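Engineer: As input, take work_23.csv (CSV, N, CA, C and O atoms):
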chain,number,residue,atom,x,y,z
A,1,MET,N,-15.1,5.2,4.8
A,1,MET,CA,-13.7,5.5,4.7
A,1,MET,C,-13.5,6.5,3.6
A,1,MET,O,-14.1,6.4,2.5
A,2,ASP,N,-12.8,7.5,3.9
A,2,ASP,CA,-12.5,8.6,2.9
A,2,ASP,C,-11.2,8.4,2.3
A,2,ASP,O,-10.2,8.9,2.8
A,3,ASN,N,-11.1,7.7,1.2
A,3,ASN,CA,-9.8,7.4,0.6
A,3,ASN,C,-9.1,8.6,0.1
A,3,ASN,O,-7.8,8.7,0.3
A,4,GLU,N,-9.7,9.6,-0.4
A,4,GLU,CA,-9.1,10.8,-0.9
A,4,GLU,C,-8.4,11.6,0.3
A,4,GLU,O,-7.3,12.0,0.2
A,5,ARG,N,-9.2,11.7,1.4
A,5,ARG,CA,-8.7,12.4,2.6
A,5,ARG,C,-7.4,11.6,3.1
A,5,ARG,O,-6.5,12.2,3.6
A,6,ASP,N,-7.4,10.3,3.0
A,6,ASP,CA,-6.3,9.5,3.5
A,6,ASP,C,-5.2,9.4,2.6
A,6,ASP,O,-4.1,8.8,2.9
A,7,GLY,N,-5.3,9.9,1.4
A,7,GLY,CA,-4.2,10.0,0.4
A,7,GLY,C,-4.2,8.9,-0.6
A,7,GLY,O,-3.4,8.8,-1.5
A,8,PHE,N,-5.2,8.0,-0.6
A,8,PHE,CA,-5.3,6.9,-1.5
A,8,PHE,C,-5.9,7.3,-2.9
A,8,PHE,O,-6.7,8.2,-2.9
A,9,CYS,N,-5.4,6.8,-3.9
A,9,CYS,CA,-6.0,6.9,-5.3
A,9,CYS,C,-7.2,6.0,-5.4
A,9,CYS,O,-7.2,5.0,-4.7
A,10,GLU,N,-8.1,6.3,-6.2
A,10,GLU,CA,-9.3,5.5,-6.4
A,10,GLU,C,-8.9,4.2,-7.0
A,10,GLU,O,-8.1,4.1,-8.0
A,11,LEU,N,-9.5,3.1,-6.5
A,11,LEU,CA,-9.2,1.8,-7.0
A,11,LEU,C,-10.0,1.5,-8.3
A,11,LEU,O,-11.1,2.0,-8.5
A,12,TRP,N,-9.4,0.7,-9.2
A,12,TRP,CA,-10.0,0.3,-10.4
A,12,TRP,C,-10.3,-1.1,-10.3
A,12,TRP,O,-9.5,-1.9,-9.8
A,13,GLY,N,-11.5,-1.5,-10.8
A,13,GLY,CA,-11.9,-2.9,-10.8
A,13,GLY,C,-13.4,-2.9,-10.5
A,13,GLY,O,-14.1,-1.9,-10.4
A,14,SER,N,-13.9,-4.2,-10.5
A,14,SER,CA,-15.3,-4.3,-10.2
A,14,SER,C,-15.6,-3.9,-8.8
A,14,SER,O,-14.7,-3.8,-8.0
A,15,ARG,N,-16.9,-3.7,-8.5
A,15,ARG,CA,-17.3,-3.3,-7.1
A,15,ARG,C,-16.8,-4.3,-6.1
A,15,ARG,O,-16.3,-4.0,-5.1
A,16,ARG,N,-17.0,-5.6,-6.5
A,16,ARG,CA,-16.6,-6.7,-5.6
A,16,ARG,C,-15.1,-6.7,-5.4
A,16,ARG,O,-14.6,-6.8,-4.3
A,17,GLN,N,-14.3,-6.5,-6.5
A,17,GLN,CA,-12.8,-6.5,-6.3
A,17,GLN,C,-12.4,-5.3,-5.4
A,17,GLN,O,-11.5,-5.5,-4.6
A,18,CYS,N,-13.0,-4.1,-5.6
A,18,CYS,CA,-12.7,-3.0,-4.8
A,18,CYS,C,-13.0,-3.2,-3.4
A,18,CYS,O,-12.2,-2.8,-2.5
A,19,ASP,N,-14.1,-3.8,-3.1
A,19,ASP,CA,-14.5,-4.1,-1.7
A,19,ASP,C,-13.5,-5.1,-1.1
A,19,ASP,O,-13.3,-5.0,0.1
A,20,LEU,N,-13.0,-6.0,-1.8
A,20,LEU,CA,-12.0,-7.0,-1.3
A,20,LEU,C,-10.7,-6.3,-1.1
A,20,LEU,O,-9.9,-6.6,-0.2
A,21,ALA,N,-10.3,-5.4,-2.1
A,21,ALA,CA,-9.0,-4.8,-2.1
A,21,ALA,C,-8.8,-3.8,-1.0
A,21,ALA,O,-7.7,-3.6,-0.5
A,22,GLU,N,-9.9,-3.1,-0.7
A,22,GLU,CA,-9.8,-1.9,0.2
A,22,GLU,C,-9.1,-2.3,1.6
A,22,GLU,O,-8.1,-1.6,2.0
A,23,PRO,N,-9.6,-3.3,2.3
A,23,PRO,CA,-8.9,-3.6,3.6
A,23,PRO,C,-7.5,-4.1,3.4
A,23,PRO,O,-6.7,-3.9,4.3
A,24,ILE,N,-7.2,-4.7,2.3
A,24,ILE,CA,-5.9,-5.2,2.1
A,24,ILE,C,-4.9,-4.1,2.0
A,24,ILE,O,-3.8,-4.0,2.6
A,25,ARG,N,-5.2,-3.1,1.2
A,25,ARG,CA,-4.3,-1.9,1.0
A,25,ARG,C,-4.2,-1.1,2.3
A,25,ARG,O,-3.2,-0.5,2.6
A,26,ARG,N,-5.3,-1.0,3.0
A,26,ARG,CA,-5.2,-0.2,4.3
A,26,ARG,C,-4.3,-1.0,5.3
A,26,ARG,O,-3.6,-0.3,6.0
A,27,ARG,N,-4.4,-2.3,5.3
A,27,ARG,CA,-3.5,-3.0,6.2
A,27,ARG,C,-2.1,-2.9,5.8
A,27,ARG,O,-1.2,-2.7,6.6
A,28,ALA,N,-1.8,-2.9,4.5
A,28,ALA,CA,-0.5,-2.7,4.0
A,28,ALA,C,0.1,-1.3,4.4
A,28,ALA,O,1.2,-1.2,4.8
A,29,LEU,N,-0.7,-0.3,4.3
A,29,LEU,CA,-0.3,1.0,4.6
A,29,LEU,C,0.0,1.1,6.1
A,29,LEU,O,1.0,1.7,6.6
A,30,ALA,N,-0.9,0.5,6.9
A,30,ALA,CA,-0.6,0.5,8.4
A,30,ALA,C,0.7,-0.2,8.7
A,30,ALA,O,1.4,0.2,9.6
A,31,ARG,N,1.0,-1.3,8.0
A,31,ARG,CA,2.2,-2.0,8.3
A,31,ARG,C,3.4,-1.2,7.9
A,31,ARG,O,4.4,-1.1,8.6
A,32,VAL,N,3.3,-0.5,6.8
A,32,VAL,CA,4.4,0.4,6.3
A,32,VAL,C,4.6,1.5,7.4
A,32,VAL,O,5.8,1.8,7.7
A,33,ASP,N,3.6,2.1,7.9
A,33,ASP,CA,3.7,3.1,8.8
A,33,ASP,C,4.4,2.6,10.1
A,33,ASP,O,5.2,3.3,10.7
A,34,VAL,N,4.0,1.4,10.6
A,34,VAL,CA,4.7,0.9,11.8
A,34,VAL,C,6.1,0.6,11.5
A,34,VAL,O,7.0,1.0,12.3
A,35,LEU,N,6.4,0.0,10.4
A,35,LEU,CA,7.8,-0.3,10.0
A,35,LEU,C,8.7,1.0,9.9
A,35,LEU,O,9.8,1.1,10.4
A,36,ALA,N,8.1,2.1,9.3
A,36,ALA,CA,8.8,3.3,9.2
A,36,ALA,C,9.1,4.0,10.5
A,36,ALA,O,10.2,4.6,10.6
A,37,ARG,N,8.2,3.8,11.4
A,37,ARG,CA,8.5,4.4,12.8
A,37,ARG,C,9.7,3.8,13.4
A,37,ARG,O,10.3,4.4,14.3
A,38,HIS,N,10.0,2.6,13.1
A,38,HIS,CA,11.1,1.8,13.7
A,38,HIS,C,12.3,1.7,12.8
A,38,HIS,O,13.2,1.0,13.2
A,39,ALA,N,12.2,2.4,11.7
A,39,ALA,CA,13.4,2.3,10.7
A,39,ALA,C,14.5,3.2,11.2
A,39,ALA,O,14.3,4.2,11.9
A,40,ARG,N,15.7,2.9,10.7
A,40,ARG,CA,16.8,3.7,10.9
A,40,ARG,C,16.7,5.0,10.1
A,40,ARG,O,16.0,5.0,9.1
A,41,VAL,N,17.3,6.0,10.6
A,41,VAL,CA,17.2,7.3,9.9
A,41,VAL,C,17.5,7.2,8.4
A,41,VAL,O,16.8,7.8,7.6
A,42,GLY,N,18.6,6.5,8.0
A,42,GLY,CA,19.0,6.3,6.7
A,42,GLY,C,18.0,5.5,5.8
A,42,GLY,O,18.1,5.5,4.6
A,43,GLU,N,17.0,4.8,6.4
A,43,GLU,CA,16.0,4.1,5.7
A,43,GLU,C,14.7,4.8,5.5
A,43,GLU,O,13.8,4.3,4.8
A,44,ARG,N,14.5,5.9,6.2
A,44,ARG,CA,13.3,6.6,6.2
A,44,ARG,C,12.8,7.0,4.8
A,44,ARG,O,11.6,7.0,4.5
A,45,ASP,N,13.7,7.5,3.9
A,45,ASP,CA,13.3,7.8,2.6
A,45,ASP,C,12.7,6.6,1.8
A,45,ASP,O,11.8,6.8,1.1
A,46,ALA,N,13.3,5.5,2.0
A,46,ALA,CA,12.8,4.3,1.4
A,46,ALA,C,11.4,3.9,1.8
A,46,ALA,O,10.5,3.6,1.1
A,47,PHE,N,11.2,4.1,3.1
A,47,PHE,CA,9.8,3.9,3.7
A,47,PHE,C,8.8,4.9,3.2
A,47,PHE,O,7.7,4.6,2.9
A,48,MET,N,9.3,6.1,3.0
A,48,MET,CA,8.4,7.1,2.4
A,48,MET,C,8.0,6.8,1.0
A,48,MET,O,6.8,7.0,0.6
A,49,GLU,N,8.9,6.3,0.2
A,49,GLU,CA,8.7,5.9,-1.1
A,49,GLU,C,7.7,4.7,-1.1
A,49,GLU,O,6.8,4.6,-1.9
A,50,LEU,N,7.9,3.7,-0.2
A,50,LEU,CA,7.1,2.6,-0.1
A,50,LEU,C,5.6,3.0,0.2
A,50,LEU,O,4.7,2.5,-0.4
A,51,ARG,N,5.5,3.9,1.1
A,51,ARG,CA,4.2,4.5,1.5
A,51,ARG,C,3.5,5.1,0.3
A,51,ARG,O,2.4,4.9,0.0
A,52,ARG,N,4.3,5.9,-0.5
A,52,ARG,CA,3.8,6.5,-1.7
A,52,ARG,C,3.2,5.5,-2.7
A,52,ARG,O,2.2,5.7,-3.2
A,53,GLN,N,4.0,4.4,-2.8
A,53,GLN,CA,3.6,3.4,-3.7
A,53,GLN,C,2.3,2.7,-3.3
A,53,GLN,O,1.4,2.4,-4.1
A,54,VAL,N,2.2,2.4,-2.0
A,54,VAL,CA,1.0,1.8,-1.5
A,54,VAL,C,-0.2,2.7,-1.8
A,54,VAL,O,-1.3,2.2,-2.2
A,55,LEU,N,-0.1,4.0,-1.6
A,55,LEU,CA,-1.2,4.9,-1.8
A,55,LEU,C,-1.6,5.0,-3.3
A,55,LEU,O,-2.7,5.4,-3.6
A,56,HIS,N,-0.6,4.7,-4.2
A,56,HIS,CA,-0.9,4.9,-5.6
A,56,HIS,C,-1.2,3.7,-6.5
A,56,HIS,O,-1.4,3.8,-7.7
A,57,VAL,N,-1.1,2.5,-5.9
A,57,VAL,CA,-1.4,1.3,-6.7
A,57,VAL,C,-3.0,1.2,-6.7
A,57,VAL,O,-3.6,1.1,-5.7
A,58,VAL,N,-3.5,1.3,-7.9
A,58,VAL,CA,-4.9,1.5,-8.1
A,58,VAL,C,-5.6,0.2,-8.6
A,58,VAL,O,-6.9,0.2,-8.7
A,59,ASP,N,-4.9,-0.8,-9.0
A,59,ASP,CA,-5.5,-2.0,-9.5
A,59,ASP,C,-6.0,-2.9,-8.4
A,59,ASP,O,-5.2,-3.5,-7.7
A,60,ALA,N,-7.3,-3.0,-8.2
A,60,ALA,CA,-7.9,-3.8,-7.1
A,60,ALA,C,-7.4,-5.3,-7.3
A,60,ALA,O,-7.2,-5.9,-6.3
A,61,GLY,N,-7.4,-5.8,-8.5
A,61,GLY,CA,-6.9,-7.1,-8.7
A,61,GLY,C,-5.5,-7.4,-8.2
A,61,GLY,O,-5.2,-8.5,-7.7
A,62,TRP,N,-4.7,-6.4,-8.4
A,62,TRP,CA,-3.3,-6.5,-7.9
A,62,TRP,C,-3.3,-6.7,-6.4
A,62,TRP,O,-2.6,-7.5,-5.8
A,63,TRP,N,-4.1,-5.9,-5.7
A,63,TRP,CA,-4.1,-6.0,-4.2
A,63,TRP,C,-4.6,-7.4,-3.8
A,63,TRP,O,-4.1,-7.9,-2.8
A,64,ILE,N,-5.6,-7.9,-4.5
A,64,ILE,CA,-6.2,-9.2,-4.1
A,64,ILE,C,-5.1,-10.3,-4.4
A,64,ILE,O,-4.9,-11.1,-3.5
A,65,GLU,N,-4.5,-10.2,-5.5
A,65,GLU,CA,-3.4,-11.2,-5.8
A,65,GLU,C,-2.3,-11.1,-4.8
A,65,GLU,O,-1.7,-12.2,-4.5
A,66,HIS,N,-2.0,-10.0,-4.3
A,66,HIS,CA,-0.8,-9.8,-3.4
A,66,HIS,C,-1.2,-9.5,-2.0
A,66,HIS,O,-0.5,-8.8,-1.3
A,67,ARG,N,-2.3,-10.1,-1.6
A,67,ARG,CA,-2.8,-9.8,-0.2
A,67,ARG,C,-1.8,-10.1,0.8
A,67,ARG,O,-1.8,-9.5,1.9
A,68,ASP,N,-1.0,-11.1,0.6
A,68,ASP,CA,0.0,-11.5,1.6
A,68,ASP,C,1.4,-11.0,1.4
A,68,ASP,O,2.2,-11.1,2.3
A,69,ASP,N,1.7,-10.4,0.3
A,69,ASP,CA,3.1,-10.0,0.0
A,69,ASP,C,3.1,-8.7,-0.7
A,69,ASP,O,4.1,-8.4,-1.4
A,70,ALA,N,2.1,-7.8,-0.6
A,70,ALA,CA,2.1,-6.5,-1.3
A,70,ALA,C,3.3,-5.7,-0.9
A,70,ALA,O,4.0,-5.1,-1.8
A,71,ILE,N,3.6,-5.6,0.4
A,71,ILE,CA,4.8,-4.7,0.8
A,71,ILE,C,6.1,-5.2,0.2
A,71,ILE,O,6.9,-4.5,-0.3
A,72,GLU,N,6.3,-6.5,0.2
A,72,GLU,CA,7.5,-7.1,-0.3
A,72,GLU,C,7.6,-6.9,-1.8
A,72,GLU,O,8.7,-6.6,-2.3
A,73,MET,N,6.5,-7.0,-2.5
A,73,MET,CA,6.5,-6.8,-4.0
A,73,MET,C,6.8,-5.3,-4.3
A,73,MET,O,7.6,-5.1,-5.2
A,74,LEU,N,6.2,-4.4,-3.6
A,74,LEU,CA,6.5,-3.0,-3.9
A,74,LEU,C,7.9,-2.6,-3.5
A,74,LEU,O,8.5,-1.8,-4.1
A,75,ALA,N,8.4,-3.2,-2.4
A,75,ALA,CA,9.7,-2.8,-1.9
A,75,ALA,C,10.8,-3.3,-2.8
A,75,ALA,O,11.9,-2.7,-2.8
A,76,GLN,N,10.6,-4.3,-3.6
A,76,GLN,CA,11.6,-4.8,-4.5
A,76,GLN,C,12.2,-3.8,-5.4
A,76,GLN,O,13.4,-3.9,-5.8
A,77,ASN,N,11.5,-2.8,-5.8
A,77,ASN,CA,11.9,-1.8,-6.8
A,77,ASN,C,12.5,-0.5,-6.1
A,77,ASN,O,12.8,0.4,-6.8
A,78,ILE,N,12.6,-0.5,-4.8
A,78,ILE,CA,13.0,0.7,-4.1
A,78,ILE,C,14.5,0.5,-3.8
A,78,ILE,O,14.9,-0.5,-3.2
A,79,GLU,N,15.3,1.5,-4.3
A,79,GLU,CA,16.8,1.4,-4.0
A,79,GLU,C,17.1,2.2,-2.8
A,79,GLU,O,16.6,3.3,-2.6
A,80,LEU,N,17.9,1.6,-1.9
A,80,LEU,CA,18.3,2.3,-0.7
A,80,LEU,C,19.5,3.2,-0.9
A,80,LEU,O,20.3,3.0,-1.7
I'd like the structure from this file rewritten - as structure tokens, please.
Structural biologist:
Amino acid sequence: MDNERDGFCELWGSRRQCDLAEPIRRRALARVDVLARHARVGERDAFMELRRQVLHVVDAGWWIEHRDDAIEMLAQNIEL
């Protein structure tokens, strides 16, 4: 996987944490992309911001901790 080519920032954490976090953040990005394709026109900017946040969260531990609710956690701070 070429994280830089895909727009991801490099993960910080132990090798094990990074190996666990990588598929979690890729799934989160895929979910955001699917949701964005089905969003209303007025919501597209919010989904672009959410996508940007997914690409820039670099703490592997955070991804592991939020494996089931990462999108919801990131979306809380986005104003529509």
Engineer: At what distance in Å, to one decimal, does atom C of Arg16 (chain A) lie from atom O of Gln53 (chain A)?
Structural biologist: 18.9 Å
Engineer: What is the CA of Ala60 (chain A) to CA of Met48 (chain A) distance in Å?
Structural biologist: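 Between CA of Ala60 (chain A) and CA of Met48 (chain A) the gap works out to 21.8 Å.
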Engineer: Report as a list in words all protein, DNA and RNA residues lying within 6 Å of Cys9 (chain A), evaluated on all atoms listed in the file, omitting residues in the same chain fewer than 5 positions from it.
Structural biologist: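 The filter keeps Asn3, Leu55, His56, Val57 and Val58 of chain A.
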Engineer: Go ahead and compute the interatomic distance for atom C of Arg31 (chain A) and atom C of Leu50 (chain A), in Å to one decimal.
Structural biologist: 9.0 Å
Engineer: Once DSSP has gone over the backbone, tell me which residues of chain A are in helix (DSSP H, G or I), as number ranges by chain.
Structural biologist: A: 3-6, 15-37, 41-56, 60-65, 70-75
Engineer: Between A:Leu29, A:Glu49, A:Asp68, A:Asp59, which is the closest to Trp12 (chain A) once you count all atoms listed in the file?
Structural biologist: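 Counting all atoms listed in the file, the residue closest to Trp12 (chain A) is A:Asp59.
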Engineer: Please determine, counting all atoms listed in the file, which residue among A:Val32, A:Ala21, A:Glu79, A:Ala70 has the shortest atom-to-atom distance to Asp45 (chain A).
Structural biologist: A:Glu79
Engineer: Identify the residues around (-6.8, -1.0, 2.6) within a radius of 10 Å, measuring from only C-alpha atoms in the coordinates stated by the file, and give them as number ranges by chain.
Structural biologist: A: 1, 3, 8, 18-30, 54-55, 63
Engineer: Taking only N, CA, C and O atoms into account, which of A:Asp69, A:Asp33, A:Gln76, A:Arg5 comes nearest Arg51 (chain A)?
Structural biologist: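 Of the candidates, the smallest distance to Arg51 (chain A) is held by A:Asp33.
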Engineer: Could you complete region 45-56 of chain A so that it carries all heavy atoms, and give it back as a CSV table (one decimal), in the coordinates of the input?
Structural biologist:
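File produced: rebuild-v8.csv:
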chain,number,residue,atom,x,y,z
A,45,ASP,N,13.7,7.5,3.9
A,45,ASP,CA,13.3,7.8,2.6
A,45,ASP,C,12.7,6.6,1.8
A,45,ASP,O,11.8,6.8,1.1
A,45,ASP,CB,14.5,8.4,1.8
A,45,ASP,CG,14.9,9.8,2.2
A,45,ASP,OD1,14.1,10.5,2.9
A,45,ASP,OD2,16.0,10.2,1.9
A,46,ALA,N,13.3,5.5,2.0
A,46,ALA,CA,12.8,4.3,1.4
A,46,ALA,C,11.4,3.9,1.8
A,46,ALA,O,10.5,3.6,1.1
A,46,ALA,CB,13.8,3.1,1.6
A,47,PHE,N,11.2,4.1,3.1
A,47,PHE,CA,9.8,3.9,3.7
A,47,PHE,C,8.8,4.9,3.2
A,47,PHE,O,7.7,4.6,2.9
A,47,PHE,CB,9.8,3.7,5.2
A,47,PHE,CG,10.3,2.4,5.6
A,47,PHE,CD1,11.6,2.2,6.1
A,47,PHE,CD2,9.4,1.3,5.6
A,47,PHE,CE1,12.0,0.9,6.5
A,47,PHE,CE2,9.8,0.0,6.0
A,47,PHE,CZ,11.1,-0.1,6.4
A,48,MET,N,9.3,6.1,3.0
A,48,MET,CA,8.4,7.1,2.4
A,48,MET,C,8.0,6.8,1.0
A,48,MET,O,6.8,7.0,0.6
A,48,MET,CB,9.0,8.5,2.5
A,48,MET,CG,9.1,9.1,3.9
A,48,MET,SD,7.6,9.1,4.9
A,48,MET,CE,6.7,10.3,3.9
A,49,GLU,N,8.9,6.3,0.2
A,49,GLU,CA,8.7,5.9,-1.1
A,49,GLU,C,7.7,4.7,-1.1
A,49,GLU,O,6.8,4.6,-1.9
A,49,GLU,CB,10.0,5.5,-1.9
A,49,GLU,CG,9.7,5.0,-3.3
A,49,GLU,CD,9.0,5.8,-4.2
A,49,GLU,OE1,8.9,7.1,-4.0
A,49,GLU,OE2,8.4,5.3,-5.2
A,50,LEU,N,7.9,3.7,-0.2
A,50,LEU,CA,7.1,2.6,-0.1
A,50,LEU,C,5.6,3.0,0.2
A,50,LEU,O,4.7,2.5,-0.4
A,50,LEU,CB,7.6,1.6,0.9
A,50,LEU,CG,6.9,0.3,1.1
A,50,LEU,CD1,6.8,-0.5,-0.2
A,50,LEU,CD2,7.6,-0.6,2.2
A,51,ARG,N,5.5,3.9,1.1
A,51,ARG,CA,4.2,4.5,1.5
A,51,ARG,C,3.5,5.1,0.3
A,51,ARG,O,2.4,4.9,0.0
A,51,ARG,CB,4.4,5.5,2.6
A,51,ARG,CG,3.1,5.9,3.2
A,51,ARG,CD,3.3,6.9,4.4
A,51,ARG,NE,2.1,6.9,5.3
A,51,ARG,CZ,1.0,7.5,5.0
A,51,ARG,NH1,0.8,8.2,3.9
A,51,ARG,NH2,0.0,7.5,5.9
A,52,ARG,N,4.3,5.9,-0.5
A,52,ARG,CA,3.8,6.5,-1.7
A,52,ARG,C,3.2,5.5,-2.7
A,52,ARG,O,2.2,5.7,-3.2
A,52,ARG,CB,4.8,7.4,-2.3
A,52,ARG,CG,4.3,8.3,-3.5
A,52,ARG,CD,5.4,8.9,-4.3
A,52,ARG,NE,6.1,7.9,-5.1
A,52,ARG,CZ,5.7,7.3,-6.1
A,52,ARG,NH1,4.4,7.5,-6.6
A,52,ARG,NH2,6.4,6.4,-6.8
A,53,GLN,N,4.0,4.4,-2.8
A,53,GLN,CA,3.6,3.4,-3.7
A,53,GLN,C,2.3,2.7,-3.3
A,53,GLN,O,1.4,2.4,-4.1
A,53,GLN,CB,4.7,2.3,-3.9
A,53,GLN,CG,5.8,2.9,-4.7
A,53,GLN,CD,6.9,1.8,-5.0
A,53,GLN,OE1,6.6,0.6,-5.1
A,53,GLN,NE2,8.1,2.2,-5.2
A,54,VAL,N,2.2,2.4,-2.0
A,54,VAL,CA,1.0,1.8,-1.5
A,54,VAL,C,-0.2,2.7,-1.8
A,54,VAL,O,-1.3,2.2,-2.2
A,54,VAL,CB,1.1,1.6,0.1
A,54,VAL,CG1,-0.3,1.2,0.7
A,54,VAL,CG2,2.1,0.4,0.3
A,55,LEU,N,-0.1,4.0,-1.6
A,55,LEU,CA,-1.2,4.9,-1.8
A,55,LEU,C,-1.6,5.0,-3.3
A,55,LEU,O,-2.7,5.4,-3.6
A,55,LEU,CB,-0.8,6.3,-1.3
A,55,LEU,CG,-0.7,6.5,0.2
A,55,LEU,CD1,-0.1,7.8,0.5
A,55,LEU,CD2,-2.0,6.3,0.9
A,56,HIS,N,-0.6,4.7,-4.2
A,56,HIS,CA,-0.9,4.9,-5.6
A,56,HIS,C,-1.2,3.7,-6.5
A,56,HIS,O,-1.4,3.8,-7.7
A,56,HIS,CB,0.2,5.7,-6.2
A,56,HIS,CG,0.2,7.2,-5.7
A,56,HIS,ND1,0.9,7.6,-4.6
A,56,HIS,CD2,-0.4,8.2,-6.2
A,56,HIS,CE1,0.7,8.8,-4.4
A,56,HIS,NE2,-0.1,9.3,-5.4
